[in-house]
file run_38.txt (compact mmCIF, N, CA and C atoms)
# COMPACT_ATOMS: atom_id res chain seq x y z
N MET A 1 -38.57 20.00 20.56
CA MET A 1 -38.29 18.61 20.22
C MET A 1 -36.83 18.32 20.53
N SER A 2 -36.58 17.31 21.34
CA SER A 2 -35.20 16.96 21.68
C SER A 2 -34.74 15.80 20.81
N LEU A 3 -33.46 15.80 20.55
CA LEU A 3 -32.86 14.72 19.75
C LEU A 3 -31.98 13.88 20.63
N ASP A 4 -32.13 12.57 20.55
CA ASP A 4 -31.20 11.71 21.28
C ASP A 4 -29.93 11.55 20.47
N SER A 5 -28.93 10.89 21.05
CA SER A 5 -27.63 10.78 20.37
C SER A 5 -27.73 10.00 19.07
N ASN A 6 -28.55 8.96 18.99
CA ASN A 6 -28.68 8.19 17.75
C ASN A 6 -29.33 9.03 16.66
N SER A 7 -30.33 9.82 17.02
CA SER A 7 -31.01 10.64 16.05
C SER A 7 -30.08 11.70 15.47
N SER A 8 -29.27 12.34 16.32
CA SER A 8 -28.36 13.36 15.82
C SER A 8 -27.27 12.73 14.96
N LYS A 9 -26.81 11.53 15.30
CA LYS A 9 -25.82 10.82 14.49
C LYS A 9 -26.39 10.53 13.11
N PHE A 10 -27.62 10.06 13.06
CA PHE A 10 -28.25 9.73 11.80
C PHE A 10 -28.37 10.97 10.93
N GLN A 11 -28.70 12.13 11.54
CA GLN A 11 -28.84 13.35 10.76
C GLN A 11 -27.51 13.77 10.17
N PHE A 12 -26.41 13.57 10.88
CA PHE A 12 -25.11 13.97 10.36
C PHE A 12 -24.65 13.02 9.25
N VAL A 13 -24.74 11.72 9.49
CA VAL A 13 -24.32 10.75 8.48
C VAL A 13 -25.28 10.78 7.32
N GLY A 14 -26.56 10.86 7.60
CA GLY A 14 -27.57 11.10 6.59
C GLY A 14 -28.03 9.90 5.81
N GLN A 15 -28.79 10.22 4.80
CA GLN A 15 -29.31 9.22 3.89
C GLN A 15 -29.40 9.85 2.51
N GLY A 16 -29.44 9.02 1.51
CA GLY A 16 -29.52 9.53 0.14
C GLY A 16 -30.06 8.46 -0.79
N TRP A 17 -30.42 8.87 -1.97
CA TRP A 17 -30.90 7.94 -2.98
C TRP A 17 -29.81 6.93 -3.30
N SER A 18 -30.22 5.71 -3.58
CA SER A 18 -29.25 4.72 -4.05
C SER A 18 -28.77 5.16 -5.43
N PHE A 19 -27.59 4.72 -5.80
CA PHE A 19 -27.07 5.09 -7.10
C PHE A 19 -26.65 3.84 -7.84
N PRO A 20 -27.11 3.63 -9.05
CA PRO A 20 -28.09 4.45 -9.75
C PRO A 20 -29.45 4.35 -9.05
N PRO A 21 -30.28 5.37 -9.22
CA PRO A 21 -31.58 5.36 -8.54
C PRO A 21 -32.40 4.12 -8.86
N LYS A 22 -32.97 3.53 -7.83
CA LYS A 22 -33.82 2.35 -7.98
C LYS A 22 -35.16 2.67 -7.34
N PHE A 23 -36.22 2.19 -7.96
CA PHE A 23 -37.55 2.46 -7.44
C PHE A 23 -38.14 1.17 -6.86
N ASN A 24 -38.77 1.31 -5.71
CA ASN A 24 -39.35 0.19 -5.00
C ASN A 24 -40.85 0.18 -5.24
N LYS A 25 -41.36 -0.90 -5.81
CA LYS A 25 -42.79 -0.98 -6.13
C LYS A 25 -43.66 -1.05 -4.89
N THR A 26 -43.19 -1.76 -3.86
CA THR A 26 -44.03 -1.92 -2.67
C THR A 26 -44.16 -0.63 -1.87
N SER A 27 -43.06 0.11 -1.74
CA SER A 27 -43.14 1.37 -0.98
C SER A 27 -43.50 2.55 -1.88
N LYS A 28 -43.52 2.31 -3.19
CA LYS A 28 -43.82 3.34 -4.18
C LYS A 28 -42.93 4.56 -4.01
N GLY A 29 -41.65 4.29 -3.85
CA GLY A 29 -40.69 5.38 -3.69
C GLY A 29 -39.31 4.97 -4.15
N VAL A 30 -38.39 5.87 -3.98
CA VAL A 30 -37.00 5.65 -4.36
C VAL A 30 -36.29 4.94 -3.21
N GLU A 31 -35.46 3.94 -3.54
CA GLU A 31 -34.67 3.27 -2.51
C GLU A 31 -33.60 4.23 -2.00
N VAL A 32 -33.38 4.21 -0.70
CA VAL A 32 -32.40 5.10 -0.09
C VAL A 32 -31.35 4.28 0.64
N ARG A 33 -30.19 4.89 0.79
CA ARG A 33 -29.10 4.33 1.59
C ARG A 33 -28.98 5.18 2.84
N GLU A 34 -28.68 4.54 3.95
CA GLU A 34 -28.56 5.26 5.22
C GLU A 34 -27.27 4.89 5.91
N GLY A 35 -26.75 5.80 6.72
CA GLY A 35 -25.59 5.52 7.56
C GLY A 35 -24.37 5.12 6.77
N ASN A 36 -23.70 4.07 7.23
CA ASN A 36 -22.44 3.64 6.61
C ASN A 36 -22.64 3.16 5.18
N SER A 37 -23.76 2.54 4.86
CA SER A 37 -23.96 2.10 3.47
C SER A 37 -24.06 3.29 2.52
N ASP A 38 -24.58 4.43 3.00
CA ASP A 38 -24.59 5.65 2.20
C ASP A 38 -23.17 6.17 1.98
N ILE A 39 -22.34 6.07 3.01
CA ILE A 39 -20.94 6.51 2.90
C ILE A 39 -20.18 5.61 1.93
N ILE A 40 -20.37 4.30 2.02
CA ILE A 40 -19.69 3.36 1.11
C ILE A 40 -20.07 3.65 -0.34
N GLU A 41 -21.36 3.86 -0.58
CA GLU A 41 -21.80 4.16 -1.94
C GLU A 41 -21.21 5.48 -2.42
N SER A 42 -21.13 6.46 -1.53
CA SER A 42 -20.53 7.75 -1.87
C SER A 42 -19.05 7.60 -2.21
N LEU A 43 -18.33 6.77 -1.46
CA LEU A 43 -16.91 6.53 -1.75
C LEU A 43 -16.73 5.80 -3.08
N GLU A 44 -17.60 4.85 -3.39
CA GLU A 44 -17.52 4.15 -4.67
C GLU A 44 -17.71 5.12 -5.83
N ILE A 45 -18.65 6.04 -5.69
CA ILE A 45 -18.88 7.05 -6.73
C ILE A 45 -17.67 7.97 -6.85
N LEU A 46 -17.13 8.40 -5.72
CA LEU A 46 -15.97 9.28 -5.71
C LEU A 46 -14.76 8.63 -6.39
N LEU A 47 -14.49 7.37 -6.06
CA LEU A 47 -13.33 6.69 -6.62
C LEU A 47 -13.49 6.32 -8.09
N SER A 48 -14.72 6.19 -8.56
CA SER A 48 -14.93 5.81 -9.96
C SER A 48 -15.15 7.02 -10.86
N THR A 49 -15.08 8.23 -10.32
CA THR A 49 -15.26 9.44 -11.11
C THR A 49 -13.92 10.13 -11.32
N LEU A 50 -13.59 10.41 -12.56
CA LEU A 50 -12.37 11.17 -12.87
C LEU A 50 -12.66 12.66 -12.72
N PRO A 51 -11.71 13.42 -12.21
CA PRO A 51 -11.91 14.87 -12.18
C PRO A 51 -12.19 15.39 -13.59
N GLY A 52 -13.20 16.24 -13.72
CA GLY A 52 -13.60 16.78 -15.01
C GLY A 52 -14.80 16.09 -15.62
N GLU A 53 -15.21 14.93 -15.09
CA GLU A 53 -16.36 14.21 -15.65
C GLU A 53 -17.70 14.86 -15.30
N ARG A 54 -17.79 15.49 -14.16
CA ARG A 54 -19.03 16.14 -13.78
C ARG A 54 -19.06 17.56 -14.32
N ILE A 55 -20.08 17.88 -15.07
CA ILE A 55 -20.17 19.17 -15.75
C ILE A 55 -20.18 20.34 -14.77
N TYR A 56 -21.02 20.29 -13.77
CA TYR A 56 -21.16 21.42 -12.85
C TYR A 56 -20.26 21.32 -11.63
N HIS A 57 -19.48 20.27 -11.55
CA HIS A 57 -18.58 20.07 -10.41
C HIS A 57 -17.29 19.42 -10.94
N PRO A 58 -16.54 20.14 -11.79
CA PRO A 58 -15.42 19.51 -12.50
C PRO A 58 -14.27 19.05 -11.61
N GLU A 59 -14.13 19.58 -10.42
CA GLU A 59 -13.03 19.16 -9.55
C GLU A 59 -13.35 17.88 -8.77
N TYR A 60 -14.61 17.43 -8.79
CA TYR A 60 -15.03 16.24 -8.06
C TYR A 60 -14.42 14.99 -8.70
N GLY A 61 -13.95 14.07 -7.88
CA GLY A 61 -13.44 12.79 -8.36
C GLY A 61 -12.08 12.46 -7.79
N CYS A 62 -11.56 11.32 -8.22
CA CYS A 62 -10.26 10.85 -7.75
C CYS A 62 -9.57 10.17 -8.92
N ASP A 63 -8.42 10.70 -9.33
CA ASP A 63 -7.72 10.17 -10.50
C ASP A 63 -6.86 8.97 -10.10
N LEU A 64 -7.34 7.79 -10.43
CA LEU A 64 -6.60 6.55 -10.17
C LEU A 64 -5.97 5.97 -11.44
N THR A 65 -5.93 6.75 -12.50
CA THR A 65 -5.43 6.24 -13.78
C THR A 65 -3.97 5.78 -13.76
N PRO A 66 -3.08 6.29 -12.86
CA PRO A 66 -1.73 5.72 -12.87
C PRO A 66 -1.69 4.23 -12.57
N LEU A 67 -2.74 3.68 -11.97
CA LEU A 67 -2.78 2.25 -11.69
C LEU A 67 -2.97 1.40 -12.95
N LEU A 68 -3.43 2.03 -14.02
CA LEU A 68 -3.79 1.25 -15.20
C LEU A 68 -2.63 0.47 -15.81
N PHE A 69 -1.50 1.12 -16.02
CA PHE A 69 -0.42 0.46 -16.76
C PHE A 69 0.92 0.47 -16.03
N GLU A 70 0.95 0.96 -14.81
CA GLU A 70 2.20 1.04 -14.05
C GLU A 70 2.31 -0.13 -13.08
N SER A 71 3.54 -0.45 -12.72
CA SER A 71 3.76 -1.46 -11.68
C SER A 71 3.41 -0.84 -10.33
N LEU A 72 2.86 -1.64 -9.46
CA LEU A 72 2.44 -1.15 -8.15
C LEU A 72 3.67 -1.11 -7.24
N THR A 73 4.34 0.04 -7.22
CA THR A 73 5.53 0.23 -6.40
C THR A 73 5.16 1.02 -5.14
N ASN A 74 6.12 1.17 -4.23
CA ASN A 74 5.88 1.96 -3.03
C ASN A 74 5.58 3.42 -3.36
N SER A 75 6.29 3.98 -4.33
CA SER A 75 6.07 5.38 -4.68
C SER A 75 4.70 5.58 -5.32
N LEU A 76 4.26 4.63 -6.16
CA LEU A 76 2.93 4.73 -6.76
C LEU A 76 1.86 4.57 -5.68
N SER A 77 2.05 3.65 -4.75
CA SER A 77 1.10 3.47 -3.64
C SER A 77 0.98 4.75 -2.82
N THR A 78 2.10 5.41 -2.55
CA THR A 78 2.08 6.65 -1.79
C THR A 78 1.35 7.75 -2.56
N LEU A 79 1.62 7.87 -3.86
CA LEU A 79 0.94 8.85 -4.69
C LEU A 79 -0.57 8.64 -4.68
N LEU A 80 -0.99 7.40 -4.90
CA LEU A 80 -2.41 7.10 -4.95
C LEU A 80 -3.08 7.26 -3.58
N THR A 81 -2.38 6.88 -2.52
CA THR A 81 -2.92 7.07 -1.17
C THR A 81 -3.17 8.55 -0.92
N ASN A 82 -2.23 9.40 -1.33
CA ASN A 82 -2.40 10.84 -1.15
C ASN A 82 -3.56 11.38 -1.98
N ARG A 83 -3.75 10.86 -3.20
CA ARG A 83 -4.88 11.29 -4.03
C ARG A 83 -6.21 10.87 -3.39
N ILE A 84 -6.26 9.65 -2.90
CA ILE A 84 -7.49 9.17 -2.26
C ILE A 84 -7.78 9.99 -1.01
N LYS A 85 -6.76 10.21 -0.20
CA LYS A 85 -6.93 10.98 1.03
C LYS A 85 -7.41 12.39 0.72
N GLU A 86 -6.81 13.05 -0.25
CA GLU A 86 -7.20 14.41 -0.62
C GLU A 86 -8.65 14.45 -1.13
N SER A 87 -9.03 13.47 -1.93
CA SER A 87 -10.40 13.41 -2.44
C SER A 87 -11.41 13.22 -1.31
N ILE A 88 -11.08 12.35 -0.37
CA ILE A 88 -11.98 12.12 0.76
C ILE A 88 -12.08 13.36 1.62
N ILE A 89 -10.96 14.02 1.88
CA ILE A 89 -10.99 15.25 2.69
C ILE A 89 -11.86 16.31 2.01
N ASN A 90 -11.75 16.43 0.70
CA ASN A 90 -12.49 17.47 -0.02
C ASN A 90 -13.95 17.15 -0.27
N PHE A 91 -14.29 15.88 -0.48
CA PHE A 91 -15.63 15.56 -0.96
C PHE A 91 -16.45 14.63 -0.07
N GLU A 92 -15.87 14.03 0.93
CA GLU A 92 -16.63 13.16 1.84
C GLU A 92 -16.31 13.59 3.27
N ARG A 93 -16.94 14.65 3.70
CA ARG A 93 -16.61 15.29 4.97
C ARG A 93 -17.20 14.59 6.18
N ARG A 94 -17.96 13.54 5.97
CA ARG A 94 -18.55 12.81 7.10
C ARG A 94 -17.57 11.85 7.75
N ILE A 95 -16.43 11.60 7.08
CA ILE A 95 -15.49 10.60 7.58
C ILE A 95 -14.08 11.16 7.70
N ILE A 96 -13.25 10.43 8.44
CA ILE A 96 -11.83 10.72 8.57
C ILE A 96 -11.08 9.58 7.89
N PHE A 97 -10.23 9.91 6.94
CA PHE A 97 -9.41 8.91 6.24
C PHE A 97 -8.32 8.42 7.20
N ASN A 98 -8.20 7.10 7.35
CA ASN A 98 -7.15 6.53 8.20
C ASN A 98 -6.01 5.96 7.38
N SER A 99 -6.32 5.12 6.39
CA SER A 99 -5.26 4.53 5.57
C SER A 99 -5.84 3.88 4.32
N ALA A 100 -4.96 3.57 3.40
CA ALA A 100 -5.33 2.83 2.19
C ALA A 100 -4.26 1.77 1.94
N VAL A 101 -4.70 0.57 1.60
CA VAL A 101 -3.80 -0.54 1.31
C VAL A 101 -4.18 -1.08 -0.06
N PHE A 102 -3.17 -1.34 -0.89
CA PHE A 102 -3.38 -1.84 -2.25
C PHE A 102 -2.95 -3.29 -2.33
N ASN A 103 -3.85 -4.14 -2.81
CA ASN A 103 -3.55 -5.57 -3.00
C ASN A 103 -3.78 -5.92 -4.46
N LEU A 104 -2.75 -6.41 -5.09
CA LEU A 104 -2.80 -6.74 -6.51
C LEU A 104 -3.19 -8.20 -6.70
N SER A 105 -4.13 -8.43 -7.61
CA SER A 105 -4.51 -9.78 -7.98
C SER A 105 -4.13 -9.98 -9.45
N PRO A 106 -2.89 -10.48 -9.70
CA PRO A 106 -2.39 -10.57 -11.09
C PRO A 106 -3.24 -11.45 -12.00
N GLU A 107 -3.81 -12.53 -11.47
CA GLU A 107 -4.59 -13.41 -12.33
C GLU A 107 -5.90 -12.78 -12.79
N ASP A 108 -6.45 -11.86 -11.99
CA ASP A 108 -7.69 -11.19 -12.36
C ASP A 108 -7.46 -9.83 -13.00
N GLY A 109 -6.26 -9.25 -12.79
CA GLY A 109 -5.98 -7.91 -13.28
C GLY A 109 -6.69 -6.84 -12.48
N VAL A 110 -6.92 -7.13 -11.20
CA VAL A 110 -7.66 -6.22 -10.34
C VAL A 110 -6.75 -5.76 -9.20
N VAL A 111 -6.84 -4.47 -8.88
CA VAL A 111 -6.18 -3.95 -7.69
C VAL A 111 -7.28 -3.67 -6.68
N TYR A 112 -7.20 -4.33 -5.53
CA TYR A 112 -8.18 -4.12 -4.47
C TYR A 112 -7.65 -3.03 -3.55
N ILE A 113 -8.40 -1.94 -3.45
CA ILE A 113 -8.02 -0.82 -2.61
C ILE A 113 -8.84 -0.91 -1.33
N SER A 114 -8.17 -1.18 -0.23
CA SER A 114 -8.82 -1.27 1.07
C SER A 114 -8.65 0.07 1.79
N ILE A 115 -9.76 0.73 2.04
CA ILE A 115 -9.74 2.05 2.68
C ILE A 115 -10.30 1.92 4.09
N GLN A 116 -9.50 2.31 5.07
CA GLN A 116 -9.95 2.33 6.46
C GLN A 116 -10.31 3.77 6.80
N TYR A 117 -11.47 3.95 7.43
CA TYR A 117 -11.93 5.29 7.77
C TYR A 117 -12.75 5.25 9.06
N SER A 118 -12.93 6.43 9.63
CA SER A 118 -13.74 6.58 10.84
C SER A 118 -14.85 7.59 10.55
N ILE A 119 -16.04 7.30 11.06
CA ILE A 119 -17.13 8.26 10.95
C ILE A 119 -16.94 9.30 12.03
N LYS A 120 -17.01 10.56 11.67
CA LYS A 120 -16.69 11.65 12.58
C LYS A 120 -17.62 11.73 13.80
N THR A 121 -18.89 11.40 13.63
CA THR A 121 -19.84 11.60 14.73
C THR A 121 -19.59 10.70 15.92
N ASP A 122 -19.20 9.46 15.69
CA ASP A 122 -19.04 8.54 16.82
C ASP A 122 -17.68 7.83 16.82
N ASN A 123 -16.80 8.20 15.89
CA ASN A 123 -15.46 7.64 15.81
C ASN A 123 -15.47 6.13 15.55
N SER A 124 -16.54 5.62 14.96
CA SER A 124 -16.60 4.20 14.57
C SER A 124 -15.68 3.97 13.39
N ARG A 125 -14.93 2.87 13.43
CA ARG A 125 -14.00 2.56 12.34
C ARG A 125 -14.63 1.56 11.39
N TYR A 126 -14.40 1.79 10.09
CA TYR A 126 -14.92 0.91 9.05
C TYR A 126 -13.86 0.67 8.00
N ASN A 127 -14.09 -0.35 7.19
CA ASN A 127 -13.20 -0.70 6.10
C ASN A 127 -14.05 -0.90 4.85
N MET A 128 -13.56 -0.39 3.75
CA MET A 128 -14.26 -0.55 2.48
C MET A 128 -13.24 -1.04 1.46
N VAL A 129 -13.59 -2.03 0.67
CA VAL A 129 -12.69 -2.54 -0.36
C VAL A 129 -13.28 -2.17 -1.72
N TYR A 130 -12.47 -1.46 -2.49
CA TYR A 130 -12.89 -1.00 -3.81
C TYR A 130 -12.08 -1.75 -4.87
N PRO A 131 -12.73 -2.56 -5.71
CA PRO A 131 -11.98 -3.25 -6.77
C PRO A 131 -11.77 -2.31 -7.95
N TYR A 132 -10.51 -2.07 -8.29
CA TYR A 132 -10.19 -1.16 -9.39
C TYR A 132 -9.63 -1.97 -10.55
N TYR A 133 -10.28 -1.84 -11.71
CA TYR A 133 -9.84 -2.56 -12.90
C TYR A 133 -10.36 -1.85 -14.13
N LEU A 134 -9.79 -2.17 -15.25
CA LEU A 134 -10.19 -1.58 -16.53
C LEU A 134 -11.04 -2.60 -17.27
N ARG A 135 -12.22 -2.17 -17.68
CA ARG A 135 -13.09 -3.05 -18.46
C ARG A 135 -12.68 -3.01 -19.92
N GLU A 136 -12.63 -4.18 -20.51
CA GLU A 136 -12.31 -4.24 -21.93
C GLU A 136 -13.54 -3.87 -22.74
N GLY A 137 -13.29 -3.29 -23.90
CA GLY A 137 -14.37 -2.87 -24.77
C GLY A 137 -15.22 -4.02 -25.29
N THR A 138 -14.68 -5.23 -25.31
CA THR A 138 -15.44 -6.37 -25.83
C THR A 138 -16.44 -6.90 -24.82
N GLU A 139 -16.30 -6.53 -23.54
CA GLU A 139 -17.17 -7.10 -22.52
C GLU A 139 -18.17 -6.09 -21.98
N LEU A 140 -18.37 -4.97 -22.63
CA LEU A 140 -19.29 -3.95 -22.12
C LEU A 140 -20.71 -4.31 -22.27

call {"tool": "encode", "arguments": {"input": "run_38.txt", "output": "structure tokens"}}
result
Amino acid sequence: MSLDSNSSKFQFVGQGWSFPPKFNKTSKGVEVREGNSDIIESLEILLSTLPGERIYHPEYGCDLTPLLFESLTNSLSTLLTNRIKESIINFERRIIFNSAVFNLSPEDGVVYISIQYSIKTDNSRYNMVYPYYLREGTEL
């Protein structure tokens, strides 16, 4: 059986269950993410997990807690960019980290983290924006 270039690309990038898992009544199965949408979902999980939260994989995650109460300075941006890059290198091996840009929205209290990356199989470039904010206990 021969594989064409699209088929081999799909196998490398892969597919996985949506998170949280969702079940589709019509197909009678679990919804899956494929290609870049699977990578985006994986990055969202990585960025929202603190190291130590996963019982059997305690080193998994990315610590963005310095963003909570500190001013967004150049040194803090560099620190967080390095943490994001290190997490992606260690836990999302399907992509190459290119850069991260932080945009502060003072009225909303949200820091938008724009991550530029390339998929290793075909060198396609993508951008993902992750909104980072602290939820108040009254709105849970």

call {"tool": "axis_aligned_box", "arguments": {"input": "run_38.txt", "around": "segment 63-82 of chain A", "padding_each_side": "8 Å", "output": "AutoDock Vina command-line options"}}
result
--center_x -1.1 --center_y 4.9 --center_z -8.8 --size_x 30.7 --size_y 29.0 --size_z 31.8

call {"tool": "closest_residue", "arguments": {"input": "run_38.txt", "among": "A:Tyr130, A:Asn123, A:Gln116, A:Leu68", "to": "Asn103 of chain A", "atoms": "only C-alpha atoms"}}
result
A:Tyr130

call {"tool": "select_by_dssp", "arguments": {"input": "run_38.txt", "residues": "segment 54-133 of chain A", "states": "strand (DSSP E or B)", "output": "number ranges by chain"}}
result
A: 95-105, 110-119, 125-132

call {"tool": "write_last_selection", "arguments": {"input": "run_38.txt", "atoms": "N, CA and C atoms", "output": "PDB file, in the coordinates of the input"}}
result
ATOM      1  N   ILE A  95     -16.430  11.600   7.080  1.00  0.00           N
ATOM      2  CA  ILE A  95     -15.490  10.600   7.580  1.00  0.00           C
ATOM      3  C   ILE A  95     -14.080  11.160   7.700  1.00  0.00           C
ATOM      4  N   ILE A  96     -13.250  10.430   8.440  1.00  0.00           N
ATOM      5  CA  ILE A  96     -11.830  10.720   8.570  1.00  0.00           C
ATOM      6  C   ILE A  96     -11.080   9.580   7.890  1.00  0.00           C
ATOM      7  N   PHE A  97     -10.230   9.910   6.940  1.00  0.00           N
ATOM      8  CA  PHE A  97      -9.410   8.910   6.240  1.00  0.00           C
ATOM      9  C   PHE A  97      -8.320   8.420   7.200  1.00  0.00           C
ATOM     10  N   ASN A  98      -8.200   7.100   7.350  1.00  0.00           N
ATOM     11  CA  ASN A  98      -7.150   6.530   8.200  1.00  0.00           C
ATOM     12  C   ASN A  98      -6.010   5.960   7.380  1.00  0.00           C
ATOM     13  N   SER A  99      -6.320   5.120   6.390  1.00  0.00           N
ATOM     14  CA  SER A  99      -5.260   4.530   5.570  1.00  0.00           C
ATOM     15  C   SER A  99      -5.840   3.880   4.320  1.00  0.00           C
ATOM     16  N   ALA A 100      -4.960   3.570   3.400  1.00  0.00           N
ATOM     17  CA  ALA A 100      -5.330   2.830   2.190  1.00  0.00           C
ATOM     18  C   ALA A 100      -4.260   1.770   1.940  1.00  0.00           C
ATOM     19  N   VAL A 101      -4.700   0.570   1.600  1.00  0.00           N
ATOM     20  CA  VAL A 101      -3.800  -0.540   1.310  1.00  0.00           C
ATOM     21  C   VAL A 101      -4.180  -1.080  -0.060  1.00  0.00           C
ATOM     22  N   PHE A 102      -3.170  -1.340  -0.890  1.00  0.00           N
ATOM     23  CA  PHE A 102      -3.380  -1.840  -2.250  1.00  0.00           C
ATOM     24  C   PHE A 102      -2.950  -3.290  -2.330  1.00  0.00           C
ATOM     25  N   ASN A 103      -3.850  -4.140  -2.810  1.00  0.00           N
ATOM     26  CA  ASN A 103      -3.550  -5.570  -3.000  1.00  0.00           C
ATOM     27  C   ASN A 103      -3.780  -5.920  -4.460  1.00  0.00           C
ATOM     28  N   LEU A 104      -2.750  -6.410  -5.090  1.00  0.00           N
ATOM     29  CA  LEU A 104      -2.800  -6.740  -6.510  1.00  0.00           C
ATOM     30  C   LEU A 104      -3.190  -8.200  -6.700  1.00  0.00           C
ATOM     31  N   SER A 105      -4.130  -8.430  -7.610  1.00  0.00           N
ATOM     32  CA  SER A 105      -4.510  -9.780  -7.980  1.00  0.00           C
ATOM     33  C   SER A 105      -4.130  -9.980  -9.450  1.00  0.00           C
ATOM     34  N   VAL A 110      -6.920  -7.130 -11.200  1.00  0.00           N
ATOM     35  CA  VAL A 110      -7.660  -6.220 -10.340  1.00  0.00           C
ATOM     36  C   VAL A 110      -6.750  -5.760  -9.200  1.00  0.00           C
ATOM     37  N   VAL A 111      -6.840  -4.470  -8.880  1.00  0.00           N
ATOM     38  CA  VAL A 111      -6.180  -3.950  -7.690  1.00  0.00           C
ATOM     39  C   VAL A 111      -7.280  -3.670  -6.680  1.00  0.00           C
ATOM     40  N   TYR A 112      -7.200  -4.330  -5.530  1.00  0.00           N
ATOM     41  CA  TYR A 112      -8.180  -4.120  -4.470  1.00  0.00           C
ATOM     42  C   TYR A 112      -7.650  -3.030  -3.550  1.00  0.00           C
ATOM     43  N   ILE A 113      -8.400  -1.940  -3.450  1.00  0.00           N
ATOM     44  CA  ILE A 113      -8.020  -0.820  -2.610  1.00  0.00           C
ATOM     45  C   ILE A 113      -8.840  -0.910  -1.330  1.00  0.00           C
ATOM     46  N   SER A 114      -8.170  -1.180  -0.230  1.00  0.00           N
ATOM     47  CA  SER A 114      -8.820  -1.270   1.070  1.00  0.00           C
ATOM     48  C   SER A 114      -8.650   0.070   1.790  1.00  0.00           C
ATOM     49  N   ILE A 115      -9.760   0.730   2.040  1.00  0.00           N
ATOM     50  CA  ILE A 115      -9.740   2.050   2.680  1.00  0.00           C
ATOM     51  C   ILE A 115     -10.300   1.920   4.090  1.00  0.00           C
ATOM     52  N   GLN A 116      -9.500   2.310   5.070  1.00  0.00           N
ATOM     53  CA  GLN A 116      -9.950   2.330   6.460  1.00  0.00           C
ATOM     54  C   GLN A 116     -10.310   3.770   6.800  1.00  0.00           C
ATOM     55  N   TYR A 117     -11.470   3.950   7.430  1.00  0.00           N
ATOM     56  CA  TYR A 117     -11.930   5.290   7.770  1.00  0.00           C
ATOM     57  C   TYR A 117     -12.750   5.250   9.060  1.00  0.00           C
ATOM     58  N   SER A 118     -12.930   6.430   9.630  1.00  0.00           N
ATOM     59  CA  SER A 118     -13.740   6.580  10.840  1.00  0.00           C
ATOM     60  C   SER A 118     -14.850   7.590  10.550  1.00  0.00           C
ATOM     61  N   ILE A 119     -16.040   7.300  11.060  1.00  0.00           N
ATOM     62  CA  ILE A 119     -17.130   8.260  10.950  1.00  0.00           C
ATOM     63  C   ILE A 119     -16.940   9.300  12.030  1.00  0.00           C
ATOM     64  N   ARG A 125     -14.930   2.870  13.430  1.00  0.00           N
ATOM     65  CA  ARG A 125     -14.000   2.560  12.340  1.00  0.00           C
ATOM     66  C   ARG A 125     -14.630   1.560  11.390  1.00  0.00           C
ATOM     67  N   TYR A 126     -14.400   1.790  10.090  1.00  0.00           N
ATOM     68  CA  TYR A 126     -14.920   0.910   9.050  1.00  0.00           C
ATOM     69  C   TYR A 126     -13.860   0.670   8.000  1.00  0.00           C
ATOM     70  N   ASN A 127     -14.090  -0.350   7.190  1.00  0.00           N
ATOM     71  CA  ASN A 127     -13.200  -0.700   6.100  1.00  0.00           C
ATOM     72  C   ASN A 127     -14.050  -0.900   4.850  1.00  0.00           C
ATOM     73  N   MET A 128     -13.560  -0.390   3.750  1.00  0.00           N
ATOM     74  CA  MET A 128     -14.260  -0.550   2.480  1.00  0.00           C
ATOM     75  C   MET A 128     -13.240  -1.040   1.460  1.00  0.00           C
ATOM     76  N   VAL A 129     -13.590  -2.030   0.670  1.00  0.00           N
ATOM     77  CA  VAL A 129     -12.690  -2.540  -0.360  1.00  0.00           C
ATOM     78  C   VAL A 129     -13.280  -2.170  -1.720  1.00  0.00           C
ATOM     79  N   TYR A 130     -12.470  -1.460  -2.490  1.00  0.00           N
ATOM     80  CA  TYR A 130     -12.890  -1.000  -3.810  1.00  0.00           C
ATOM     81  C   TYR A 130     -12.080  -1.750  -4.870  1.00  0.00           C
ATOM     82  N   PRO A 131     -12.730  -2.560  -5.710  1.00  0.00           N
ATOM     83  CA  PRO A 131     -11.980  -3.250  -6.770  1.00  0.00           C
ATOM     84  C   PRO A 131     -11.770  -2.310  -7.950  1.00  0.00           C
ATOM     85  N   TYR A 132     -10.510  -2.070  -8.290  1.00  0.00           N
ATOM     86  CA  TYR A 132     -10.190  -1.160  -9.390  1.00  0.00           C
ATOM     87  C   TYR A 132      -9.630  -1.970 -10.550  1.00  0.00           C
TER      88      TYR A 132
END

call {"tool": "residues_near_point", "arguments": {"input": "run_38.txt", "point": "(-15.2, 0.6, 12.2)", "cutoff": "12 Å", "atoms": "only C-alpha atoms", "output": "list in words"}}
result
Asn36, Ile95, Ile96, Phe97, Asn98, Ile115, Gln116, Tyr117, Ser118, Ile119, Lys120, Asp122, Asn123, Ser124, Arg125, Tyr126, Asn127 and Met128 of chain A

call {"tool": "closest_residue", "arguments": {"input": "run_38.txt", "among": "A:Pro58, A:Pro20, A:Pro131, A:Gly109", "to": "Ser71 of chain A", "atoms": "only C-alpha atoms"}}
result
A:Gly109

call {"tool": "atom_distance", "arguments": {"input": "run_38.txt", "atom1": "atom N of Asn82 of chain A", "atom2": "atom C of Arg94 of chain A"}}
result
18.0 Å

call {"tool": "atom_distance", "arguments": {"input": "run_38.txt", "atom1": "atom N of Glu86 of chain A", "atom2": "atom C of Leu47 of chain A"}}
result
12.3 Å

call {"tool": "atom_distance", "arguments": {"input": "run_38.txt", "atom1": "atom N of Val101 of chain A", "atom2": "atom C of Pro51 of chain A"}}
result
22.5 Å

call {"tool": "closest_residue", "arguments": {"input": "run_38.txt", "among": "A:Asp108, A:Asn24, A:Cys62, A:Gly16", "to": "Ser37 of chain A", "atoms": "only N, CA and C atoms"}}
result
A:Gly16

call {"tool": "select_by_dssp", "arguments": {"input": "run_38.txt", "residues": "segment 21-120 of chain A", "states": "alpha helix (DSSP H)", "output": "PyMOL selection string"}}
result
chain A and resi 35-48+74-91

call {"tool": "closest_residue", "arguments": {"input": "run_38.txt", "among": "A:Ile88, A:Leu50, A:Ile39, A:Val111", "to": "Tyr132 of chain A", "atoms": "only N, CA and C atoms"}}
result
A:Val111

call {"tool": "residues_around", "arguments": {"input": "run_38.txt", "residues": "Lys22 of chain A", "least_positions_apart": "6", "cutoff": "9 Å", "atoms": "only C-alpha atoms", "output": "ChimeraX atom specification"}}
result
/A:29-32
